[in-house]
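Structure file target.txt; described as compact mmCIF, C-alpha atoms.
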```
# COMPACT_ATOMS: atom_id res chain seq x y z
CA MET W 1 83.57 154.72 187.88
CA ARG W 2 81.80 157.95 188.77
CA ASP W 3 85.07 159.90 188.65
CA ARG W 4 85.90 158.34 185.29
CA ASN W 5 82.51 159.27 183.85
CA ARG W 6 82.80 162.78 185.26
CA ARG W 7 86.15 163.20 183.53
CA LEU W 8 84.70 161.94 180.25
CA LEU W 9 82.05 164.65 180.44
CA VAL W 10 84.54 167.39 181.30
CA ASP W 11 86.82 166.30 178.45
CA GLU W 12 84.00 166.52 175.92
CA LEU W 13 82.85 169.87 177.26
CA ARG W 14 86.34 171.23 176.78
CA ARG W 15 86.59 169.91 173.24
CA ALA W 16 83.17 171.16 172.19
CA GLY W 17 82.86 174.46 174.05
CA LEU W 18 79.05 174.29 173.80
CA ILE W 19 77.19 170.98 173.63
CA SER W 20 73.79 169.48 174.43
CA ARG W 21 73.11 166.74 176.97
CA ALA W 22 72.04 164.42 174.17
CA GLU W 23 75.26 165.00 172.24
CA LEU W 24 77.29 164.44 175.42
CA ALA W 25 75.60 161.07 175.84
CA ARG W 26 76.32 160.17 172.22
CA ARG W 27 79.99 161.14 172.34
CA THR W 28 80.78 159.56 175.72
CA GLY W 29 78.64 156.43 175.38
CA LEU W 30 76.99 157.17 178.74
CA SER W 31 73.26 156.90 179.27
CA ARG W 32 71.21 160.08 179.23
CA SER W 33 70.26 159.57 182.87
CA THR W 34 73.93 159.27 183.87
CA VAL W 35 74.79 162.40 181.90
CA SER W 36 71.94 164.33 183.52
CA THR W 37 73.04 163.28 187.02
CA LEU W 38 76.69 164.17 186.46
CA VAL W 39 75.81 167.49 184.81
CA ALA W 40 73.62 168.38 187.79
CA ASP W 41 76.54 167.66 190.13
CA LEU W 42 78.89 169.84 188.04
CA GLN W 43 76.31 172.63 188.00
CA ALA W 44 75.99 172.46 191.78
CA GLN W 45 79.78 172.84 192.02
CA GLY W 46 79.70 175.91 189.76
CA LEU W 47 81.70 174.27 186.97
CA VAL W 48 78.99 173.90 184.31
CA ALA W 49 76.41 176.40 183.08
CA GLU W 50 73.41 176.22 180.77
CA ARG W 51 73.31 178.61 177.82
CA GLU W 52 70.42 179.26 175.46
CA VAL W 53 71.42 179.74 171.85
CA ASP W 54 69.68 181.72 169.15
CA GLY W 55 67.23 179.92 166.88
CA ALA W 56 64.41 177.46 167.29
CA GLY W 57 64.75 173.82 168.20
CA PRO W 58 64.56 170.92 165.71
CA GLN W 59 60.73 171.01 165.58
CA GLY W 60 60.45 174.79 165.75
CA GLY W 61 60.02 174.84 169.54
CA ARG W 62 62.10 176.45 172.27
CA PRO W 63 65.72 177.34 171.50
CA PRO W 64 68.07 174.49 172.44
CA VAL W 65 69.81 174.64 175.81
CA LEU W 66 73.51 173.88 175.58
CA LEU W 67 76.09 173.25 178.28
CA SER W 68 79.52 174.78 178.75
CA LEU W 69 82.21 174.88 181.38
CA GLU W 70 82.04 177.95 183.60
CA ARG W 71 84.88 180.42 183.83
CA ALA W 72 85.49 179.09 187.35
CA ALA W 73 86.76 175.94 185.64
CA GLY W 74 89.66 177.91 184.18
CA VAL W 75 90.88 179.80 181.13
CA ALA W 76 93.37 179.05 178.36
CA LEU W 77 96.12 181.24 176.93
CA GLY W 78 97.04 181.41 173.26
CA ILE W 79 100.38 182.96 172.28
CA ASP W 80 101.39 183.51 168.65
CA PHE W 81 104.82 184.62 167.42
CA GLY W 82 104.71 185.90 163.85
CA LYS W 83 107.46 187.39 161.75
CA ARG W 84 106.55 190.91 162.85
CA HIS W 85 104.21 190.52 165.84
CA VAL W 86 103.41 188.80 169.11
CA ARG W 87 99.74 188.19 169.94
CA VAL W 88 98.05 186.79 173.05
CA ILE W 89 94.46 185.81 173.72
CA VAL W 90 92.60 184.54 176.76
CA SER W 91 89.75 182.08 176.13
CA ASP W 92 87.33 180.55 178.58
CA LEU W 93 86.54 176.85 178.32
CA ALA W 94 83.33 177.60 176.42
CA HIS W 95 85.67 178.77 173.60
CA THR W 96 84.78 182.45 174.11
CA VAL W 97 87.67 184.89 173.65
CA LEU W 98 87.83 187.16 176.70
CA ALA W 99 90.85 189.28 175.73
CA ASP W 100 93.02 189.79 172.64
CA VAL W 101 96.20 191.89 172.64
CA GLU W 102 98.98 192.32 170.11
CA ARG W 103 102.29 194.14 169.80
CA PRO W 104 104.43 194.68 166.68
CA MET W 105 107.93 193.27 166.77
CA GLU W 106 111.02 193.89 164.70
CA THR W 107 112.13 190.89 162.64
CA GLU W 108 115.64 191.33 164.03
CA GLN W 109 114.51 190.97 167.67
CA SER W 110 115.99 188.00 169.48
CA ALA W 111 113.89 185.16 170.80
CA PRO W 112 114.48 186.17 174.46
CA GLU W 113 113.23 189.69 173.63
CA GLY W 114 110.19 188.14 172.03
CA PHE W 115 109.56 186.00 175.10
CA GLU W 116 109.70 189.08 177.32
CA VAL W 117 107.14 190.84 175.11
CA ALA W 118 104.91 187.76 175.25
CA VAL W 119 105.03 187.59 179.05
CA ALA W 120 104.09 191.27 179.30
CA LEU W 121 101.19 190.70 176.91
CA VAL W 122 100.02 187.69 178.92
CA HIS W 123 99.76 189.87 182.05
CA GLN W 124 97.95 192.57 180.06
CA ALA W 125 95.50 190.08 178.53
CA LEU W 126 94.71 188.47 181.89
CA ALA W 127 94.05 191.90 183.36
CA ASP W 128 91.81 192.82 180.42
CA ALA W 129 89.90 189.56 180.86
CA GLY W 130 89.53 190.11 184.61
CA VAL W 131 91.06 186.77 185.57
CA GLU W 132 94.03 185.74 187.69
CA GLN W 133 97.00 183.69 186.53
CA THR W 134 95.88 181.00 188.97
CA ASP W 135 92.80 180.57 186.73
CA VAL W 136 94.96 179.57 183.74
CA ILE W 137 94.97 175.83 183.05
CA GLY W 138 97.66 176.07 180.40
CA ALA W 139 99.10 177.94 177.44
CA GLY W 140 99.47 177.08 173.78
CA MET W 141 102.15 178.79 171.72
CA GLY W 142 102.71 179.08 167.98
CA VAL W 143 106.07 179.64 166.29
CA PRO W 144 106.86 180.16 162.58
CA GLY W 145 108.81 176.96 162.04
CA PRO W 146 108.64 173.18 162.47
CA ILE W 147 108.96 171.67 165.95
CA ASP W 148 110.94 168.45 166.42
CA ILE W 149 108.78 166.19 168.60
CA SER W 150 111.73 164.31 170.09
CA THR W 151 113.69 167.39 171.21
CA GLY W 152 111.18 170.25 171.25
CA GLU W 153 113.60 172.28 169.12
CA VAL W 154 112.64 174.69 166.35
CA GLY W 155 113.76 173.26 163.01
CA SER W 156 116.20 174.69 160.52
CA SER W 157 113.52 175.99 158.11
CA ALA W 158 112.08 178.50 160.60
CA ILE W 159 111.30 181.93 159.15
CA LEU W 160 112.96 183.63 162.14
CA PRO W 161 116.61 182.45 162.01
CA GLY W 162 117.26 183.38 165.65
CA TRP W 163 114.79 180.71 166.76
CA ILE W 164 116.51 177.75 165.09
CA GLY W 165 117.63 175.18 167.68
CA LEU W 166 115.74 176.81 170.56
CA ARG W 167 113.34 174.92 172.82
CA PRO W 168 110.60 177.53 173.26
CA ARG W 169 108.27 175.35 175.34
CA GLU W 170 110.82 175.03 178.12
CA ASP W 171 111.70 178.72 178.09
CA MET W 172 108.12 180.01 178.08
CA SER W 173 106.96 177.46 180.65
CA ALA W 174 109.70 178.61 183.02
CA ARG W 175 108.85 182.29 182.48
CA LEU W 176 105.11 181.83 183.02
CA GLY W 177 105.15 179.03 185.59
CA LEU W 178 102.59 177.19 183.46
CA ALA W 179 102.38 174.09 181.33
CA VAL W 180 102.93 175.16 177.70
CA ARG W 181 102.23 173.35 174.43
CA VAL W 182 104.06 174.49 171.26
CA GLU W 183 103.21 173.95 167.59
CA ASN W 184 104.13 175.51 164.28
CA ASP W 185 101.86 178.19 162.85
CA ALA W 186 100.32 176.17 160.00
CA ASN W 187 99.31 173.36 162.36
CA LEU W 188 97.70 175.93 164.64
CA GLY W 189 95.80 177.45 161.71
CA ALA W 190 94.41 173.98 161.01
CA LEU W 191 93.49 173.45 164.66
CA ALA W 192 91.75 176.83 164.81
CA GLU W 193 89.70 176.13 161.67
CA LEU W 194 88.78 172.74 163.17
CA THR W 195 87.68 174.31 166.46
CA TRP W 196 86.15 177.62 165.34
CA GLY W 197 86.14 177.92 161.58
CA ALA W 198 85.70 176.33 158.16
CA GLY W 199 86.69 172.85 159.35
CA ARG W 200 84.27 172.50 162.27
CA ASP W 201 82.15 169.86 160.56
CA THR W 202 84.96 168.16 158.64
CA GLN W 203 86.98 165.17 159.84
CA ASP W 204 89.63 165.21 157.10
CA PHE W 205 91.05 168.42 155.67
CA VAL W 206 94.27 170.18 154.74
CA TYR W 207 94.89 173.74 155.89
CA VAL W 208 97.29 175.63 153.61
CA LYS W 209 98.91 178.78 154.95
CA VAL W 210 100.31 181.12 152.29
CA ALA W 211 102.35 183.93 153.78
CA SER W 212 106.09 184.75 154.07
CA GLY W 213 106.45 181.01 154.20
CA ILE W 214 104.13 178.28 152.94
CA GLY W 215 103.05 175.39 155.11
CA SER W 216 100.11 173.14 155.78
CA GLY W 217 98.37 171.56 158.74
CA LEU W 218 96.76 168.14 158.34
CA VAL W 219 93.59 167.11 160.15
CA LEU W 220 92.85 163.39 159.80
CA GLY W 221 89.97 161.70 161.57
CA GLY W 222 89.21 164.93 163.41
CA GLN W 223 92.72 165.10 164.94
CA LEU W 224 95.78 167.16 164.07
CA TYR W 225 98.37 164.93 162.39
CA THR W 226 102.00 165.99 162.79
CA GLY W 227 103.91 162.89 161.68
CA ALA W 228 106.59 160.83 163.38
CA GLY W 229 108.94 163.76 163.88
CA GLY W 230 106.48 166.63 164.02
CA ILE W 231 107.10 168.10 160.55
CA ALA W 232 104.21 166.67 158.51
CA GLY W 233 102.71 169.25 156.16
CA GLU W 234 105.89 171.12 155.13
CA ILE W 235 104.60 171.58 151.58
CA GLY W 236 106.49 174.85 151.17
CA HIS W 237 109.63 172.76 150.76
CA SER W 238 108.23 170.50 148.05
CA MET W 239 110.39 170.86 144.95
CA VAL W 240 108.60 172.35 141.94
CA ASP W 241 111.64 173.43 139.90
CA GLU W 242 114.87 171.45 140.18
CA ARG W 243 116.79 174.33 138.61
CA GLY W 244 115.07 177.01 140.65
CA ALA W 245 116.35 179.37 143.31
CA VAL W 246 118.02 178.09 146.45
CA CYS W 247 115.55 178.01 149.36
CA ARG W 248 116.29 178.96 152.97
CA CYS W 249 116.01 175.22 153.79
CA GLY W 250 119.06 174.57 151.58
CA ASN W 251 117.27 172.82 148.74
CA ARG W 252 116.61 174.26 145.31
CA GLY W 253 113.31 175.16 143.64
CA CYS W 254 111.00 174.75 146.64
CA LEU W 255 107.40 175.92 146.33
CA GLU W 256 108.19 178.71 148.79
CA THR W 257 110.76 180.21 146.41
CA ILE W 258 108.01 180.65 143.81
CA ALA W 259 104.73 181.28 145.60
CA SER W 260 105.33 182.93 148.98
CA THR W 261 104.17 186.49 149.61
CA ARG W 262 107.82 187.47 149.90
CA GLN W 263 108.47 186.26 146.35
CA ILE W 264 105.32 187.92 145.01
CA ARG W 265 106.43 191.27 146.42
CA GLU W 266 109.92 190.86 144.99
CA LEU W 267 108.53 190.27 141.50
CA LEU W 268 106.47 193.47 141.59
CA ARG W 269 108.77 195.82 143.49
CA PRO W 270 110.93 196.89 140.49
CA ALA W 271 107.81 198.46 138.96
CA ARG W 272 105.84 199.35 142.11
CA GLY W 273 108.49 200.46 144.58
CA ALA W 274 110.60 198.91 147.32
CA ASP W 275 107.99 199.56 150.02
CA LEU W 276 105.25 197.51 148.31
CA THR W 277 103.29 195.40 150.81
CA ILE W 278 101.32 192.23 150.15
CA GLU W 279 98.17 194.07 151.24
CA GLU W 280 98.78 196.59 148.45
CA VAL W 281 99.38 193.80 145.94
CA ILE W 282 96.07 192.18 146.89
CA ALA W 283 94.23 195.51 146.70
CA HIS W 284 95.67 196.17 143.22
CA ALA W 285 94.66 192.67 142.10
CA ARG W 286 91.11 193.15 143.34
CA GLU W 287 90.95 196.41 141.39
CA GLY W 288 91.89 194.56 138.21
CA ASP W 289 95.63 195.30 137.95
CA ARG W 290 96.94 192.76 135.43
CA ALA W 291 100.45 192.42 136.83
CA SER W 292 99.23 191.81 140.39
CA ARG W 293 96.62 189.31 139.22
CA ARG W 294 99.24 187.56 137.10
CA VAL W 295 101.79 187.01 139.87
CA ILE W 296 99.11 185.88 142.34
CA GLY W 297 97.68 183.55 139.70
CA ASP W 298 101.12 182.08 138.95
CA ALA W 299 101.68 181.50 142.65
CA ALA W 300 98.26 179.88 142.96
CA ARG W 301 98.97 177.50 140.09
CA ALA W 302 102.25 176.38 141.65
CA ILE W 303 100.51 175.82 144.98
CA GLY W 304 97.73 173.93 143.21
CA VAL W 305 100.17 171.45 141.67
CA VAL W 306 101.55 170.58 145.12
CA VAL W 307 98.11 170.51 146.75
CA ALA W 308 96.94 168.10 144.04
CA GLN W 309 99.64 165.64 145.12
CA VAL W 310 98.56 166.00 148.73
CA CYS W 311 94.98 165.27 147.65
CA ASN W 312 96.14 162.15 145.83
CA VAL W 313 97.84 160.87 148.99
CA LEU W 314 95.34 161.90 151.67
CA ASN W 315 92.01 162.33 149.80
CA PRO W 316 90.78 165.14 152.11
CA ALA W 317 87.21 166.42 152.01
CA LYS W 318 88.40 170.04 152.11
CA VAL W 319 91.40 172.21 151.47
CA ILE W 320 91.17 175.38 153.58
CA VAL W 321 93.41 178.23 152.43
CA GLY W 322 94.60 180.76 155.00
CA GLY W 323 97.51 183.10 155.56
CA ASP W 324 98.07 186.62 154.26
CA LEU W 325 97.48 185.77 150.60
CA SER W 326 94.06 184.22 151.28
CA ALA W 327 92.66 187.77 151.38
CA ALA W 328 92.98 187.75 147.57
CA GLY W 329 89.89 185.51 147.47
CA ASP W 330 89.04 184.02 144.08
CA VAL W 331 92.03 185.71 142.43
CA LEU W 332 94.00 183.09 144.35
CA LEU W 333 91.46 180.29 144.74
CA ASP W 334 90.19 179.96 141.17
CA PRO W 335 93.56 179.12 139.55
CA LEU W 336 94.44 176.97 142.57
CA ARG W 337 91.20 174.98 142.08
CA ASP W 338 91.91 174.64 138.36
CA GLU W 339 95.35 173.11 139.00
CA VAL W 340 94.05 170.70 141.63
CA SER W 341 91.34 169.58 139.23
CA ARG W 342 93.91 169.15 136.46
CA HIS W 343 96.62 167.30 138.40
CA ALA W 344 94.79 165.27 141.04
CA VAL W 345 93.20 161.96 140.14
CA PRO W 346 89.47 162.50 139.56
CA ALA W 347 88.40 160.52 142.64
CA ALA W 348 90.43 162.89 144.85
CA GLY W 349 90.39 166.20 143.00
CA GLY W 350 86.81 165.93 141.84
CA HIS W 351 85.38 165.74 145.34
CA VAL W 352 87.61 168.03 147.38
CA GLU W 353 86.14 171.41 148.36
CA ILE W 354 88.66 174.26 148.26
CA VAL W 355 87.54 177.13 150.48
CA PRO W 356 89.06 180.19 152.19
CA GLY W 357 89.73 180.13 155.91
CA VAL W 358 87.33 182.22 157.95
CA LEU W 359 89.57 183.29 160.85
CA GLY W 360 92.02 185.59 159.06
CA ARG W 361 94.96 186.84 161.10
CA ARG W 362 93.50 185.39 164.29
CA ALA W 363 93.83 181.80 163.09
CA GLU W 364 97.22 181.00 164.61
CA VAL W 365 96.60 182.55 168.02
CA LEU W 366 93.17 180.89 168.24
CA GLY W 367 94.85 177.62 167.34
CA ALA W 368 97.34 178.14 170.14
CA ALA W 369 94.49 178.43 172.64
CA ALA W 370 92.85 175.39 171.06
CA LEU W 371 95.96 173.35 171.91
CA VAL W 372 94.85 173.68 175.53
CA LEU W 373 91.10 173.53 174.95
CA ARG W 374 91.37 170.26 173.01
CA ASP W 375 94.23 168.67 174.97
CA VAL W 376 92.48 166.47 177.51
CA ASP W 377 95.68 164.62 178.44
CA GLY W 378 97.89 167.57 179.32
CA PHE W 379 95.54 169.49 181.63
CA THR W 380 92.97 167.60 183.69
CA PHE W 381 90.46 168.35 186.41
CA ASN W 382 90.94 166.48 189.70
CA ALA W 383 88.50 168.08 192.14
CA PRO W 384 85.87 170.82 191.88
CA GLY W 385 87.63 173.97 190.76
CA GLU W 386 91.07 172.36 190.98
CA VAL W 387 93.28 171.79 187.97
CA THR W 388 96.52 169.88 187.60
CA HIS W 389 99.02 171.27 185.08
CA GLN W 390 101.12 168.50 183.58
CA ALA W 391 104.35 169.17 181.76
CA GLY W 392 103.99 168.49 178.03
```

Can you give me the file's structure in the form of structure tokens?
Amino acid sequence: MRDRNRRLLVDELRRAGLISRAELARRTGLSRSTVSTLVADLQAQGLVAEREVDGAGPQGGRPPVLLSLERAAGVALGIDFGKRHVRVIVSDLAHTVLADVERPMETEQSAPEGFEVAVALVHQALADAGVEQTDVIGAGMGVPGPIDISTGEVGSSAILPGWIGLRPREDMSARLGLAVRVENDANLGALAELTWGAGRDTQDFVYVKVASGIGSGLVLGGQLYTGAGGIAGEIGHSMVDERGAVCRCGNRGCLETIASTRQIRELLRPARGADLTIEEVIAHAREGDRASRRVIGDAARAIGVVVAQVCNVLNPAKVIVGGDLSAAGDVLLDPLRDEVSRHAVPAAGGHVEIVPGVLGRRAEVLGAAALVLRDVDGFTFNAPGEVTHQAG
């Protein structure tokens, strides 16, 4: 029983990062005296530390004292493969990022080349953080495409064609000698906002990533929901125009063919030049350029129609918008909100809060680390300072 209770505490500490004794008791169902005794044991073993946080207590007294797992308890790796980059972070179990490194990558690079870059960045990040690979309890990895739960393969709608059909978890696990969890980038954006960002206090929300592709991550009841096959949230392949352009998924008129950053650039390049970037489009829009504001607004309205249907089905409390285009702020969000209000039933659209993500380009790599930090089944503590890595 004592070992079971100890594991309950460690699991909650990993999920929360920082948490009070009282909140530990509430979440685990253990008595405060049991929590205090177990915490004292973990402190004596060097696995738990007390941390004072800024601000006064509830009655204006001393700042609250929160608990976190010590670095001796291990660190987590987050690895993110984007269309043009690989990024790696190291996080301790208090959810503090210790190192963050990135390297640009050519779109044409093969997956094995990308894996080699990622392994080199892992070694660099661990060195920057001052920790050994033996301190790593596991790695999370994000890829720009859906992951089939039954096979672990990257699905056919991946942005990087060379990844389709690969099983990246197996490959990266073998290269690193670590347990690895893999998810698509939109799901990781949702998990990051749940752990660090705009979704921290929200049990039910939809994270919408608008970039070269469009996808969403669903958080229901405080947990990431991926569906029976692992592809829940693929809103970029919702049909919005049955006579529209053929999408890379093989269907016609998908949302992605109308509202992705790739399509926005293509619409403006004849007048603005072939080298136009989405960052330049957003800057022009913020400066009042009518054409840039128009194409972003049109994209937002198309996204809003699809998001309204999602709201009708799931009735989330929030829609959190991330990805490259989220930097456009209200140029994007205002028309998106208008369409959700117009097309969702009032009980769903009238109460949903549509907000920007707060993590920017770090969202996916933070979400990759959160796969480990929140996964209490895949990586568990057995003895003081000892961790078992289970294949996932």

Report task. Have a look at W:Gly322, W:Gly189, W:Gly177, W:Gly78 and name the one nearest to Pro144 (chain W); count all atoms listed in the file. Result -> W:Gly189

Nearby residues (all atoms listed in the file) at most 9 Å from Arg243 (chain W), same-chain spacing under 3 positions excluded, as an mmCIF file with C-alpha atoms, in the coordinates of the input:
```cif
data_model
loop_
_atom_site.group_PDB
_atom_site.id
_atom_site.type_symbol
_atom_site.label_atom_id
_atom_site.label_comp_id
_atom_site.auth_asym_id
_atom_site.auth_seq_id
_atom_site.Cartn_x
_atom_site.Cartn_y
_atom_site.Cartn_z
ATOM 1 C CA VAL W 246 118.020 178.090 146.450
ATOM 2 C CA ARG W 252 116.610 174.260 145.310
ATOM 3 C CA GLY W 253 113.310 175.160 143.640
#
```

**Report entry** W:Val117, W:Val208, W:Val131, W:Ile303 ranked by distance to Met105 (chain W), top pick (using all atoms listed in the file)
**Finding:**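 When distances to Met105 (chain W) are compared using all atoms listed in the file, the smallest one comes from W:Val117.
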
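Every protein, DNA or RNA residue with an atom at most 9 Å from Val88 (chain W), where all atoms listed in the file count and chain neighbours fewer than 5 positions away do not, is listed here: Leu77, Gly78, Ile79, Asp80, Ala99, Asp100, Val101, Glu102, Ala118, Leu121, Val122, Ala125 and Val365 of chain W.
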
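Among W:Ala302, W:Ile164, W:Leu267, W:Ala198, the residue with the shortest atom-to-atom distance to Leu332 (chain W), counting all atoms listed in the file, is W:Ala302.
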
Query raised in the report: Mind pulling up the distance from CA of Gly222 (chain W) to CA of Leu359 (chain W)?
Result: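 CA of Gly222 (chain W) lies at a distance of 18.5 Å from CA of Leu359 (chain W).
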
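Distance annotation: of W:Ala111, W:Leu30, W:Arg175, W:Ala190, the residue with the minimal separation from Gly162 (chain W) is W:Ala111; atom set is all atoms listed in the file.
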
Query raised in the report: Interatomic distance between CA of Thr226 (chain W) and CA of Asn187 (chain W)?
Result: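 Taking CA of Thr226 (chain W) and CA of Asn187 (chain W), their separation equals 7.9 Å.
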
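Computed from the coordinates, the CA of Glu113 (chain W) to CA of Arg262 (chain W) distance equals 24.4 Å.
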
**Report entry** Pick from W:Gly152, W:Pro346, W:Gly297, W:Gly74 nearest to Gly329 (chain W), counting only C-alpha atoms
**Finding:**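 Among the listed residues, the smallest separation from Gly329 (chain W) belongs to W:Gly297.
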
Query raised in the report: For Gly236 (chain W), which residue among W:Val306, W:Ala179, W:Leu9, W:Val295 is the nearest when counting only C-alpha atoms?
Result: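 The answer is W:Val306, which sits nearest to Gly236 (chain W).
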
Query raised in the report: In file coordinates, which residues lie within 10 Å of (87.0, 173.2, 160.1) using all atoms listed in the file, given as a PyMOL selection string?
Result: chain W and resi 189-207+219+222+318-320+357-358

Requested in this report: Would you kindly return, as a PyMOL selection string, each protein, DNA or RNA residue with an atom no farther than 9 Å from any atom of Ser212 (chain W), considering all atoms listed in the file and excluding same-chain residues fewer than 4 positions away?
Outcome: chain W and resi 83+159+256+260-263+323-324

Would you give the centre and edge lengths, in Å to one decimal, of a box along x, y and z around the listed atoms of region 226-245 of chain W, with 8 Å added to each side, as AutoDock Vina command-line options?
```
--center_x 109.4 --center_y 170.1 --center_z 151.3 --size_x 30.8 --size_y 34.5 --size_z 41.4
```

Report task. Dig up all the protein and nucleic acid residues within 7 Å of (85.9, 177.2, 173.6) in the file frame, using all atoms listed in the file, and format them as a ChimeraX atom specification. Result -> /W:14,16-17,91-96,373

Requested in this report: For Ala22 (chain W), work out the shell of residues within 12 Å, counting only C-alpha atoms and skipping chain neighbours fewer than 6 positions away, then give it as JSON, numbers by chain.
Outcome: {"W": [9, 28, 29, 30, 31, 32, 33, 34, 35, 36, 39, 64, 65, 66, 67]}

Requested in this report: Could you give me, as an MDAnalysis selection string, the residues within 9 Å of region 269-286 of chain W, counting only C-alpha atoms and dropping anything in the same chain fewer than 4 positions from it?
Outcome: chainID W and resid 261:262 264:265 290:294 296 324:325 327:329 331

Serialized selection, C-alpha atoms, as a PDB file, keeping the file's coordinate frame:
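Okay, this is what ended up in result-v2.pdb:
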```
ATOM      1  CA  THR W 261     104.170 186.490 149.610  1.00  0.00           C
ATOM      2  CA  ARG W 262     107.820 187.470 149.900  1.00  0.00           C
ATOM      3  CA  ILE W 264     105.320 187.920 145.010  1.00  0.00           C
ATOM      4  CA  ARG W 265     106.430 191.270 146.420  1.00  0.00           C
ATOM      5  CA  ARG W 290      96.940 192.760 135.430  1.00  0.00           C
ATOM      6  CA  ALA W 291     100.450 192.420 136.830  1.00  0.00           C
ATOM      7  CA  SER W 292      99.230 191.810 140.390  1.00  0.00           C
ATOM      8  CA  ARG W 293      96.620 189.310 139.220  1.00  0.00           C
ATOM      9  CA  ARG W 294      99.240 187.560 137.100  1.00  0.00           C
ATOM     10  CA  ILE W 296      99.110 185.880 142.340  1.00  0.00           C
ATOM     11  CA  ASP W 324      98.070 186.620 154.260  1.00  0.00           C
ATOM     12  CA  LEU W 325      97.480 185.770 150.600  1.00  0.00           C
ATOM     13  CA  ALA W 327      92.660 187.770 151.380  1.00  0.00           C
ATOM     14  CA  ALA W 328      92.980 187.750 147.570  1.00  0.00           C
ATOM     15  CA  GLY W 329      89.890 185.510 147.470  1.00  0.00           C
ATOM     16  CA  VAL W 331      92.030 185.710 142.430  1.00  0.00           C
TER      17      VAL W 331
END
```
